[in-house]
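**Student:** Here you go, my_file-v7.txt (compact mmCIF, C-alpha atoms (C1' of nucleotides)):
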# COMPACT_ATOMS: atom_id res chain seq x y z
CA MET A 177 18.77 98.99 86.22
CA ALA A 178 15.17 99.78 85.97
CA VAL A 179 13.15 97.75 88.39
CA ASP A 180 10.94 95.17 86.74
CA ARG A 181 7.82 97.28 86.63
CA ASP A 182 5.63 94.44 85.54
CA HIS A 183 6.81 92.27 88.41
CA VAL A 184 6.06 95.06 90.86
CA LEU A 185 2.58 95.49 89.44
CA ARG A 186 1.78 91.81 89.67
CA SER A 187 3.10 91.55 93.20
CA ALA A 188 0.98 94.52 94.17
CA ALA A 189 -2.03 92.96 92.51
CA ALA A 190 -1.53 89.71 94.37
CA LEU A 191 -1.14 91.47 97.69
CA LEU A 192 -3.96 93.96 97.28
CA THR A 193 -6.24 91.14 96.21
CA ARG A 194 -5.80 89.64 99.63
CA LYS A 195 -5.53 92.87 101.61
CA SER A 196 -7.01 95.82 99.81
CA THR A 197 -5.78 98.27 102.45
CA ALA A 198 -2.14 97.27 102.25
CA THR A 199 0.36 100.04 102.84
CA MET A 200 2.80 101.33 100.26
CA ASP A 201 5.46 99.84 102.46
CA GLU A 202 3.78 96.44 102.43
CA VAL A 203 3.37 96.62 98.69
CA ALA A 204 7.03 97.44 98.30
CA ARG A 205 8.16 94.60 100.53
CA ALA A 206 5.86 92.20 98.73
CA ALA A 207 7.62 93.13 95.51
CA GLY A 208 11.00 92.78 97.15
CA ILE A 209 11.95 96.43 96.77
CA SER A 210 12.15 99.39 99.09
CA ARG A 211 9.43 101.94 99.56
CA ALA A 212 11.69 104.56 98.01
CA THR A 213 12.09 102.58 94.82
CA LEU A 214 8.38 101.83 94.68
CA HIS A 215 7.75 105.52 94.95
CA ARG A 216 10.18 106.21 92.14
CA GLN A 217 8.17 103.89 89.91
CA PHE A 218 4.73 105.06 90.95
CA ALA A 219 4.37 108.63 92.11
CA GLY A 220 1.96 107.61 94.86
CA ARG A 221 -0.75 105.26 95.88
CA ASP A 222 -3.12 106.76 93.35
CA ALA A 223 -0.67 106.22 90.55
CA LEU A 224 -0.19 102.63 91.64
CA VAL A 225 -3.90 101.93 91.69
CA ARG A 226 -4.31 103.58 88.32
CA ALA A 227 -1.55 101.44 86.92
CA LEU A 228 -3.24 98.38 88.37
CA GLU A 229 -6.46 99.50 86.80
CA ALA A 230 -4.72 99.84 83.46
CA LEU A 231 -3.32 96.36 83.93
CA GLY A 232 -6.73 94.98 84.75
CA ILE A 233 -8.24 96.67 81.74
CA ALA A 234 -5.52 95.34 79.50
CA GLU A 235 -6.00 91.84 80.81
CA CYS A 236 -9.74 92.06 80.36
CA GLU A 237 -9.28 93.24 76.82
CA ALA A 238 -6.85 90.44 76.13
CA ALA A 239 -9.33 87.97 77.62
CA LEU A 240 -12.05 89.38 75.41
CA GLU A 241 -9.85 89.03 72.38
CA ALA A 242 -8.96 85.46 73.22
CA ALA A 243 -12.56 84.59 73.95
CA ARG A 244 -13.74 85.66 70.50
CA PRO A 245 -17.11 86.87 71.80
CA ASP A 246 -18.53 87.23 68.32
CA GLU A 247 -17.91 83.69 67.21
CA GLY A 248 -20.15 80.71 67.60
CA PRO A 249 -22.92 80.30 70.14
CA ALA A 250 -23.02 83.05 72.75
CA THR A 251 -23.17 80.33 75.36
CA ASP A 252 -19.78 79.02 74.35
CA ALA A 253 -18.39 82.53 74.10
CA VAL A 254 -19.37 83.15 77.71
CA ARG A 255 -17.63 79.96 78.73
CA ARG A 256 -14.49 81.01 76.91
CA LEU A 257 -14.64 84.48 78.42
CA VAL A 258 -14.89 83.26 82.00
CA ALA A 259 -12.11 80.77 81.42
CA GLU A 260 -9.88 83.50 80.03
CA VAL A 261 -10.67 85.91 82.86
CA GLU A 262 -10.21 83.37 85.63
CA PRO A 263 -6.48 83.95 86.14
CA HIS A 264 -7.10 87.63 86.75
CA ALA A 265 -10.21 87.32 88.87
CA GLY A 266 -8.37 88.35 92.01
CA LEU A 267 -7.19 91.61 90.53
CA LEU A 268 -10.61 92.24 89.07
CA ALA A 269 -12.26 91.66 92.43
CA PHE A 270 -9.94 94.21 93.99
CA LEU A 271 -10.62 96.77 91.29
CA TYR A 272 -14.33 96.05 91.42
CA SER A 273 -14.58 96.85 95.11
CA GLU A 274 -12.14 99.72 94.75
CA ASN A 275 -14.42 101.28 92.18
CA GLN A 276 -17.19 101.48 94.73
CA LEU A 277 -15.15 104.23 96.40
CA PHE A 278 -14.96 106.47 93.38
CA GLU A 279 -18.06 108.26 94.46
CA GLY A 280 -19.04 110.32 91.48
CA GLU A 281 -15.66 110.52 89.87
CA GLU A 282 -15.20 110.05 86.20
CA GLN A 283 -15.92 106.50 85.22
CA ASN A 284 -12.82 105.11 83.62
CA GLN A 285 -13.40 105.01 79.92
CA GLY A 286 -11.56 101.75 79.55
CA TRP A 287 -14.09 99.98 81.74
CA THR A 288 -17.10 101.29 79.92
CA ALA A 289 -15.67 99.94 76.70
CA ILE A 290 -15.23 96.52 78.26
CA ASP A 291 -18.66 96.69 79.86
CA GLU A 292 -20.07 97.42 76.45
CA ARG A 293 -18.33 94.51 74.78
CA ILE A 294 -19.56 92.12 77.41
CA ALA A 295 -23.05 93.54 77.27
CA ASP A 296 -22.92 93.10 73.50
CA LEU A 297 -22.17 89.45 73.98
CA PHE A 298 -25.26 89.03 76.11
CA ARG A 299 -27.23 91.10 73.63
CA ARG A 300 -26.11 88.80 70.84
CA GLY A 301 -27.21 85.80 72.83
CA GLN A 302 -30.59 87.37 73.36
CA ALA A 303 -31.00 88.32 69.73
CA GLY A 304 -30.06 84.82 68.68
CA GLY A 305 -32.60 83.25 70.99
CA GLU A 306 -30.02 81.58 73.19
CA PHE A 307 -30.53 83.89 76.16
CA ARG A 308 -33.66 85.03 77.86
CA ILE A 309 -34.64 88.60 77.20
CA ASP A 310 -36.17 89.62 80.51
CA LEU A 311 -32.77 90.36 82.06
CA THR A 312 -30.98 93.43 80.73
CA PRO A 313 -27.48 93.09 79.30
CA ALA A 314 -26.32 95.73 81.77
CA TRP A 315 -27.47 93.64 84.70
CA LEU A 316 -26.00 90.48 83.28
CA THR A 317 -22.68 92.25 82.92
CA GLU A 318 -22.82 93.44 86.53
CA ALA A 319 -23.82 89.98 87.66
CA LEU A 320 -20.85 88.48 85.85
CA TYR A 321 -18.51 90.84 87.69
CA GLY A 322 -20.20 90.07 90.97
CA LEU A 323 -19.91 86.35 90.47
CA LEU A 324 -16.28 86.66 89.48
CA ALA A 325 -15.52 88.66 92.61
CA SER A 326 -17.51 86.33 94.85
CA ALA A 327 -15.78 83.31 93.44
CA ALA A 328 -12.35 84.91 93.75
CA TRP A 329 -12.95 85.73 97.42
CA ALA A 330 -14.54 82.40 98.18
CA VAL A 331 -11.56 80.63 96.68
CA ALA A 332 -9.11 82.91 98.51
CA GLU A 333 -10.77 82.06 101.80
CA GLY A 334 -10.91 78.38 101.02
CA ARG A 335 -14.67 78.16 100.99
CA VAL A 336 -14.75 76.64 97.53
CA ALA A 337 -12.25 74.66 95.51
CA PRO A 338 -10.09 76.62 93.06
CA LYS A 339 -10.44 73.99 90.39
CA ASP A 340 -14.19 74.55 90.22
CA PHE A 341 -13.82 78.25 89.58
CA THR A 342 -14.83 78.48 85.94
CA HIS A 343 -17.38 75.72 86.14
CA MET A 344 -19.16 77.28 89.11
CA ILE A 345 -19.46 80.68 87.55
CA VAL A 346 -20.35 79.58 84.07
CA GLU A 347 -22.89 77.01 85.11
CA LEU A 348 -24.63 79.29 87.56
CA LEU A 349 -24.63 82.22 85.19
CA LEU A 350 -25.84 80.24 82.22
CA GLY A 351 -28.12 77.67 83.72
CA GLY A 352 -29.04 78.94 87.15
CA VAL A 353 -29.59 76.77 90.14
CA ARG A 354 -32.88 75.33 89.07
CA ARG A 355 -32.68 71.92 87.57
CA GLN A 356 -33.31 72.20 83.90
CA GLY A 357 -35.20 69.10 84.74
CA ASP A 358 -36.86 67.91 81.61
CA PRO A 359 -38.30 64.46 81.77
CA ALA A 360 -38.08 64.40 78.00
CA ARG A 361 -34.52 65.56 77.66
CA ARG A 362 -34.18 68.97 76.11
CA LYS A 363 -35.32 68.92 72.54
CA GLU A 364 -36.37 71.57 70.10
CA SER A 365 -38.50 74.23 71.71
CA MET B 38 -31.71 111.86 126.90
CA ALA B 39 -30.03 108.94 125.37
CA VAL B 40 -29.42 109.42 121.70
CA ASP B 41 -31.55 107.25 119.48
CA ARG B 42 -29.01 104.50 119.01
CA ASP B 43 -31.02 102.75 116.34
CA HIS B 44 -31.36 105.93 114.33
CA VAL B 45 -27.60 106.45 114.52
CA LEU B 46 -26.96 102.92 113.35
CA ARG B 47 -29.27 103.23 110.40
CA SER B 48 -27.83 106.57 109.37
CA ALA B 49 -24.37 105.07 109.55
CA ALA B 50 -25.49 102.10 107.49
CA ALA B 51 -26.98 104.35 104.84
CA LEU B 52 -23.85 106.48 104.65
CA LEU B 53 -21.30 103.67 104.72
CA THR B 54 -23.25 101.88 102.04
CA ARG B 55 -22.53 104.78 99.75
CA LYS B 56 -19.07 105.65 101.05
CA SER B 57 -17.43 102.81 102.89
CA THR B 58 -14.49 104.97 103.96
CA ALA B 59 -16.57 107.66 105.63
CA THR B 60 -15.00 109.30 108.67
CA MET B 61 -16.37 109.06 112.18
CA ASP B 62 -17.07 112.75 111.83
CA GLU B 63 -19.04 112.20 108.65
CA VAL B 64 -20.97 109.38 110.25
CA ALA B 65 -21.79 111.60 113.20
CA ARG B 66 -22.98 114.47 111.03
CA ALA B 67 -25.03 112.09 108.91
CA ALA B 68 -26.83 111.04 112.09
CA GLY B 69 -27.23 114.64 113.15
CA ILE B 70 -25.06 114.34 116.24
CA SER B 71 -21.57 115.43 117.18
CA ARG B 72 -18.51 113.27 116.97
CA ALA B 73 -18.24 113.33 120.75
CA THR B 74 -21.71 111.92 121.19
CA LEU B 75 -21.13 109.31 118.52
CA HIS B 76 -18.02 108.30 120.38
CA ARG B 77 -19.97 108.03 123.63
CA GLN B 78 -22.31 105.58 121.95
CA PHE B 79 -19.69 103.55 120.11
CA ALA B 80 -16.26 103.35 121.64
CA GLY B 81 -14.63 103.63 118.24
CA ARG B 82 -14.84 102.82 114.62
CA ASP B 83 -14.42 99.15 115.31
CA ALA B 84 -17.27 99.17 117.76
CA LEU B 85 -19.45 100.94 115.23
CA VAL B 86 -18.70 98.44 112.52
CA ARG B 87 -19.32 95.59 114.91
CA ALA B 88 -22.65 97.11 115.85
CA LEU B 89 -23.48 97.42 112.17
CA GLU B 90 -22.51 93.84 111.70
CA ALA B 91 -24.82 92.84 114.52
CA LEU B 92 -27.56 94.86 112.87
CA GLY B 93 -26.95 93.19 109.55
CA ILE B 94 -26.98 89.78 111.15
CA ALA B 95 -30.20 90.56 112.97
CA GLU B 96 -31.82 91.73 109.78
CA CYS B 97 -30.66 88.67 107.91
CA GLU B 98 -32.04 86.45 110.60
CA ALA B 99 -35.32 88.32 110.54
CA ALA B 100 -35.40 87.95 106.76
CA LEU B 101 -34.74 84.25 107.09
CA GLU B 102 -37.55 83.95 109.59
CA ALA B 103 -39.96 85.81 107.39
CA ALA B 104 -38.94 83.82 104.32
CA ARG B 105 -39.79 80.49 105.96
CA PRO B 106 -36.98 78.66 104.15
CA ASP B 107 -38.30 75.28 105.18
CA GLU B 108 -41.76 75.69 103.75
CA GLY B 109 -42.96 74.83 100.30
CA PRO B 110 -40.80 74.57 97.19
CA ALA B 111 -37.21 75.70 97.68
CA THR B 112 -37.61 77.81 94.58
CA ASP B 113 -40.32 79.87 96.22
CA ALA B 114 -38.37 80.06 99.45
CA VAL B 115 -35.44 81.59 97.59
CA ARG B 116 -37.79 84.13 96.05
CA ARG B 117 -39.14 85.04 99.45
CA LEU B 118 -35.68 85.26 100.93
CA VAL B 119 -34.36 87.65 98.31
CA ALA B 120 -37.48 89.78 98.59
CA GLU B 121 -37.06 89.97 102.36
CA VAL B 122 -33.38 90.80 102.15
CA GLU B 123 -33.74 93.44 99.44
CA PRO B 124 -34.30 96.39 101.81
CA HIS B 125 -31.04 95.64 103.56
CA ALA B 126 -28.95 94.83 100.53
CA GLY B 127 -26.97 98.06 100.83
CA LEU B 128 -25.86 97.30 104.36
CA LEU B 129 -25.10 93.73 103.42
CA ALA B 130 -22.98 94.84 100.49
CA PHE B 131 -20.99 97.08 102.80
CA LEU B 132 -20.47 94.32 105.33
CA TYR B 133 -19.65 91.84 102.60
CA SER B 134 -16.80 93.93 101.24
CA GLU B 135 -15.76 94.93 104.74
CA ASN B 136 -15.35 91.29 105.61
CA GLN B 137 -12.75 90.90 102.90
CA LEU B 138 -10.45 92.95 105.13
CA PHE B 139 -10.66 90.70 108.15
CA GLU B 140 -7.65 88.80 106.99
CA GLY B 141 -7.58 85.76 109.17
CA GLU B 142 -9.54 87.13 112.06
CA GLU B 143 -12.20 85.16 113.74
CA GLN B 144 -15.10 84.63 111.44
CA ASN B 145 -18.14 86.07 113.09
CA GLN B 146 -20.19 83.24 114.42
CA GLY B 147 -23.41 84.97 113.54
CA TRP B 148 -22.57 84.90 109.86
CA THR B 149 -21.65 81.26 109.78
CA ALA B 150 -25.02 80.44 111.27
CA ILE B 151 -26.75 82.43 108.55
CA ASP B 152 -24.53 80.93 105.88
CA GLU B 153 -25.52 77.55 107.12
CA ARG B 154 -29.21 78.26 107.04
CA ILE B 155 -29.00 79.56 103.50
CA ALA B 156 -26.86 76.65 102.43
CA ASP B 157 -29.45 74.37 103.99
CA LEU B 158 -32.09 75.89 101.81
CA PHE B 159 -30.08 75.12 98.71
CA ARG B 160 -29.36 71.66 100.05
CA ARG B 161 -33.05 71.10 100.52
CA GLY B 162 -33.72 72.16 96.97
CA GLN B 163 -31.10 69.74 95.74
CA ALA B 164 -32.41 66.88 97.82
CA GLY B 165 -35.90 67.55 96.58
CA GLY B 166 -34.81 67.50 92.96
CA GLU B 167 -35.62 71.15 92.36
CA PHE B 168 -32.01 72.29 92.18
CA ARG B 169 -29.10 70.89 90.29
CA ILE B 170 -26.55 69.07 92.35
CA ASP B 171 -23.33 69.93 90.56
CA LEU B 172 -23.03 73.29 92.34
CA THR B 173 -22.20 73.16 96.02
CA PRO B 174 -24.48 74.82 98.56
CA ALA B 175 -21.49 76.80 99.80
CA TRP B 176 -20.88 78.26 96.38
CA LEU B 177 -24.55 79.01 95.86
CA THR B 178 -24.60 80.87 99.15
CA GLU B 179 -21.54 82.89 98.15
CA ALA B 180 -23.07 83.57 94.77
CA LEU B 181 -26.24 84.83 96.39
CA TYR B 182 -24.24 87.31 98.46
CA GLY B 183 -22.30 88.36 95.41
CA LEU B 184 -25.41 88.95 93.36
CA LEU B 185 -27.01 90.90 96.19
CA ALA B 186 -23.96 93.13 96.48
CA SER B 187 -23.66 93.59 92.73
CA ALA B 188 -27.28 94.50 92.44
CA ALA B 189 -27.10 96.91 95.37
CA TRP B 190 -24.11 98.70 93.83
CA ALA B 191 -25.56 98.68 90.35
CA VAL B 192 -28.76 100.21 91.66
CA ALA B 193 -26.84 102.76 93.74
CA GLU B 194 -24.97 103.89 90.65
CA GLY B 195 -28.06 103.97 88.51
CA ARG B 196 -26.95 101.23 86.17
CA VAL B 197 -30.08 99.20 86.74
CA ALA B 198 -33.58 100.07 87.87
CA PRO B 199 -34.32 99.66 91.59
CA LYS B 200 -37.72 98.16 90.90
CA ASP B 201 -36.13 95.21 89.12
CA PHE B 202 -33.92 94.35 92.09
CA THR B 203 -35.57 91.20 93.34
CA HIS B 204 -36.59 89.98 89.92
CA MET B 205 -33.10 90.33 88.51
CA ILE B 206 -31.43 88.44 91.29
CA VAL B 207 -33.99 85.71 91.67
CA GLU B 208 -34.37 85.04 87.99
CA LEU B 209 -30.68 84.94 87.31
CA LEU B 210 -29.94 82.82 90.34
CA LEU B 211 -32.73 80.36 89.72
CA GLY B 212 -32.94 80.16 85.98
CA GLY B 213 -29.68 81.50 84.66
CA VAL B 214 -29.31 83.47 81.51
CA ARG B 215 -29.89 80.62 79.12
CA ARG B 216 -33.30 80.34 77.65
CA GLN B 217 -35.14 77.36 78.93
CA GLY B 218 -35.95 74.88 76.26
CA ASP B 219 -32.97 76.21 74.48
CA PRO B 220 -32.21 74.22 71.35
CA ALA B 221 -28.53 74.34 72.11
CA ARG B 222 -27.62 71.18 73.87
CA ARG B 223 -26.44 71.24 77.37
CA LYS B 224 -22.87 70.25 77.74
CA GLU B 225 -21.84 69.63 81.26
CA SER B 226 -18.22 68.91 80.81
C1' DC C 165 -34.87 128.60 140.60
C1' DT C 166 -31.50 125.17 140.86
C1' DT C 167 -29.46 120.97 140.05
C1' DG C 168 -28.21 117.12 137.10
C1' DC C 169 -27.17 115.39 132.83
C1' DA C 170 -26.60 114.71 127.99
C1' DT C 171 -24.96 117.14 124.37
C1' DG C 172 -22.07 120.13 121.10
C1' DA C 173 -17.93 122.33 120.19
C1' DG C 174 -13.43 122.17 120.11
C1' DA C 175 -8.58 121.57 121.83
C1' DC C 176 -5.01 118.17 122.21
C1' DA C 177 -1.93 114.20 121.82
C1' DT C 178 -1.28 110.07 119.25
C1' DT C 179 -0.88 107.14 115.54
C1' DC C 180 -0.59 105.91 110.80
C1' DT C 181 0.39 106.80 106.15
C1' DT C 182 2.19 109.32 102.84
C1' DG C 183 5.41 112.09 100.16
C1' DT C 184 10.04 114.03 100.06
C1' DC C 185 14.67 114.14 100.93
C1' DT C 186 19.48 112.74 101.96
C1' DC C 187 23.17 109.62 102.10
C1' DA C 188 25.71 105.31 101.69
C1' DT C 189 26.19 101.16 99.08
C1' DG C 190 27.08 98.43 95.18
C1' DT C 191 27.13 97.18 90.68
C1' DG C 192 27.86 97.73 85.76
C1' DC C 193 30.43 100.01 82.31
C1' DG C 194 33.93 102.73 80.05
C1' DC D 19 40.39 101.93 88.41
C1' DG D 20 36.85 105.43 88.52
C1' DC D 21 32.33 107.08 87.26
C1' DA D 22 27.40 107.00 86.91
C1' DC D 23 23.31 105.49 88.40
C1' DA D 24 19.83 102.78 90.61
C1' DT D 25 18.82 101.15 94.88
C1' DG D 26 18.11 100.56 100.07
C1' DA D 27 17.79 102.55 104.42
C1' DG D 28 16.16 105.84 107.01
C1' DA D 29 15.13 110.63 108.63
C1' DC D 30 11.70 114.16 108.31
C1' DA D 31 7.51 116.93 107.86
C1' DA D 32 2.71 117.12 106.60
C1' DG D 33 -1.85 115.48 106.70
C1' DA D 34 -5.64 112.68 108.19
C1' DA D 35 -8.24 110.13 111.47
C1' DT D 36 -8.75 108.65 115.88
C1' DG D 37 -9.34 108.63 120.88
C1' DT D 38 -9.50 111.56 124.98
C1' DC D 39 -10.42 115.46 127.43
C1' DT D 40 -12.47 119.91 129.00
C1' DC D 41 -15.90 123.30 129.07
C1' DA D 42 -20.09 125.78 128.02
C1' DT D 43 -24.89 125.22 126.76
C1' DG D 44 -29.50 123.85 127.14
C1' DC D 45 -33.13 121.20 128.79
C1' DA D 46 -35.77 118.70 132.11
C1' DA D 47 -36.90 117.23 136.60
C1' DG D 48 -37.07 118.27 141.41
Output the structure of this file as structure tokens.

**Tutor:**
Amino acid sequence: MAVDRDHVLRSAAALLTRKSTATMDEVARAAGISRATLHRQFAGRDALVRALEALGIAECEAALEAARPDEGPATDAVRRLVAEVEPHAGLLAFLYSENQLFEGEEQNQGWTAIDERIADLFRRGQAGGEFRIDLTPAWLTEALYGLLASAAWAVAEGRVAPKDFTHMIVELLLGGVRRQGDPARRKES
Amino acid sequence: MAVDRDHVLRSAAALLTRKSTATMDEVARAAGISRATLHRQFAGRDALVRALEALGIAECEAALEAARPDEGPATDAVRRLVAEVEPHAGLLAFLYSENQLFEGEEQNQGWTAIDERIADLFRRGQAGGEFRIDLTPAWLTEALYGLLASAAWAVAEGRVAPKDFTHMIVELLLGGVRRQGDPARRKES
DNA sequence: CTTGCATGAGACATTCTTGTCTCATGTGCG
DNA sequence: CGCACATGAGACAAGAATGTCTCATGCAAG
């Protein structure tokens, strides 16, 4: 009976999100299997992390699909994207910080493709006049990752309420902290 | 002749910023001393990290002092704060991710004090009508850390230009990505 | 010159994690 | 029933990093 590989991966993701230095043994126990069996599924820690990376990439791609980044106002597309990504923010935060360790190693091609699609969304918003143009799409993409990770950690540590997750990120990213204070309500430019 | 402790700390900060898993031996060589001497200065890796944390806290406090968070518009105070913190963003990013590992350990009191001062700045901006009030000061503080770390990493990996550092963070944090005077209505759900 | 002291180099034991292996169990299936 | 196979438990060696120790070197002050 093949162990439920997907279940193992998700258990590992949940654990490593909280404790990124967890041992193979801890990962195995978290999944309810023995270290031996875990090792039969994933040749080693590297293989496990790579599999998690593949999972994260797949989930990001699925989120991008579901968010339909090319439809409607870019603003709304960003909202949809964050909402779709929210459930996987923990895993993404883990992978995001994990990536900082890959000194000069080959950048995973899957990520660059996702980066590009997200950057394209920001680019579209800029071209359409919805977004300001003095911030590069590359930075906006990085900032989105950073905010997702920050929010995931802040929620994990109880510093902010889980239910506000999407709202916090989207509102800060889109509108910033400054009051769009307009005595005359926002009208045509 | 006592080794230049400050020089060692800054070398360690610079190295760990780039490679957070660097060995004690690597840290020692980066500082131009032997592992034995490094160990005489800092009882162990923990002690070193704690010293780095103290350094980071001291630099944050100095930045807060220099930024005069209680003077003038909160908007300008945030600008000053980010500008003051910029030189230490690498160290802060390291400490920020390092903190994710301190499972339930005692939260360093120094950080909570800094968190509070930053949150107070946001609170002041909200009370004064400069900042929107639907985002909690706690979240804004977290977001600021997240953006600082993202920017530091993005710069380190060459994905964004170092000279844009402060501008990118401040503009995104304050104004968001949406164009002001944007014809698209604002829908705060 | 001689002494004192910090340092560098390196040996050593220890601990932790990993990867590999063996063996017993237990369950499903023919 | 008997077989095959996946699993769990655990032993084992290898490697890495750490903490501790000793010893020789070099420099500076007396």

**Student:** What lies within 12 Å of Ala223 of chain A using all atoms listed in the file, ignoring chain neighbours under 6 positions off, as a list in words?

**Tutor:** Leu185, Met200, Leu214, His215, Arg216, Gln217, Glu229 and Ala230 of chain A

**Student:** Which residues come within 12 Å of DA42 of chain D, counting only C-alpha atoms (C1' of nucleotides), excluding same-chain residues fewer than 4 positions away, as a count of residues only?

**Tutor:** 4

**Student:** Could you give the RMSD, in Å, left over when chain A is least-squares superposed onto chain B across all Cα atoms paired sequentially?

**Tutor:** 3.1 Å

**Student:** Given a cut-off of 10 Å, which residues of chain A touch chain C, counting all atoms listed in the file, written out as a PDB file with C-alpha atoms, in the coordinates of the input?

**Tutor:**
ATOM      1  CA  MET A 177      18.770  98.990  86.220  1.00  0.00           C
ATOM      2  CA  THR A 199       0.360 100.040 102.840  1.00  0.00           C
ATOM      3  CA  MET A 200       2.800 101.330 100.260  1.00  0.00           C
ATOM      4  CA  ASP A 201       5.460  99.840 102.460  1.00  0.00           C
ATOM      5  CA  ALA A 212      11.690 104.560  98.010  1.00  0.00           C
ATOM      6  CA  HIS A 215       7.750 105.520  94.950  1.00  0.00           C
ATOM      7  CA  ALA A 219       4.370 108.630  92.110  1.00  0.00           C
ATOM      8  CA  GLY A 220       1.960 107.610  94.860  1.00  0.00           C
ATOM      9  CA  ARG A 221      -0.750 105.260  95.880  1.00  0.00           C
TER      10      ARG A 221
END

**Student:** Extract, using only C-alpha atoms (C1' of nucleotides), all DNA, RNA and protein residues at most 10 Å from Leu132 of chain B, discarding same-chain residues fewer than 2 positions from it, and format them as a ChimeraX atom specification.

**Tutor:** /B:50,53-54,57,86-87,89-90,93-94,126-130,134-137,186

**Student:** For a test of reading the model, state the distance in Å between atom CA of Pro106 of chain B and atom CA of Arg47 of chain B, rounded to one decimal.

**Tutor:**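 Separation of atom CA of Pro106 of chain B and atom CA of Arg47 of chain B: 26.5 Å.
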
**Student:** Which residue, A:Ile209, A:Ala330, A:Leu191, A:Ala239, has the smallest gap to chain D when you use only C-alpha atoms (C1' of nucleotides)?

**Tutor:**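 Counting only C-alpha atoms (C1' of nucleotides), the residue closest to chain D is A:Ile209.
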
**Student:** Compute the set of chain D residues within 7 Å of chain A, using only C-alpha atoms (C1' of nucleotides), and express it as a list in words.

**Tutor:** DA24, DT25 and DG26 of chain D

**Student:** Can you write just those residues out, C-alpha atoms (C1' of nucleotides), as a PDB file, keeping the file's coordinate frame?

**Tutor:**
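Done, and the output landed in out04.pdb:
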ATOM      1  C1'  DA D  24      19.830 102.780  90.610  1.00  0.00           C
ATOM      2  C1'  DT D  25      18.820 101.150  94.880  1.00  0.00           C
ATOM      3  C1'  DG D  26      18.110 100.560 100.070  1.00  0.00           C
TER       4       DG D  26
END

**Student:** Quick check: residues of chain B within 7 Å of chain A, only C-alpha atoms, returned as a list in words.

**Tutor:** Lys56, Leu138, Glu167, Phe168, Arg169, Leu172, Trp176, Glu179, Ala180, Gly183, Leu184, Ser187, Val197, Met205, Leu209, Leu210, Leu211, Gly212, Gly213, Val214, Arg215, Arg216, Gly218, Asp219 and Pro220 of chain B

**Student:** Can you measure atom CA of Arg117 of chain B to atom CA of Ala150 of chain B for me? One decimal in Å is fine.

**Tutor:**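 Going from atom CA of Arg117 of chain B over to atom CA of Ala150 of chain B, I get 19.0 Å.
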
**Student:** Go ahead and find all residues with at least one atom no further than 10 Å from (-13.7, 95.9, 78.7) in the file's coordinates, using only C-alpha atoms (C1' of nucleotides); report them as a ChimeraX atom specification.

**Tutor:** /A:232-240,285-295

**Student:** I'd like the interatomic distance between atom C1' of DA35 of chain D and atom CA of Ala206 of chain A, to a tenth of an Å.

**Tutor:**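 For atom C1' of DA35 of chain D relative to atom CA of Ala206 of chain A, the distance reads 26.1 Å.
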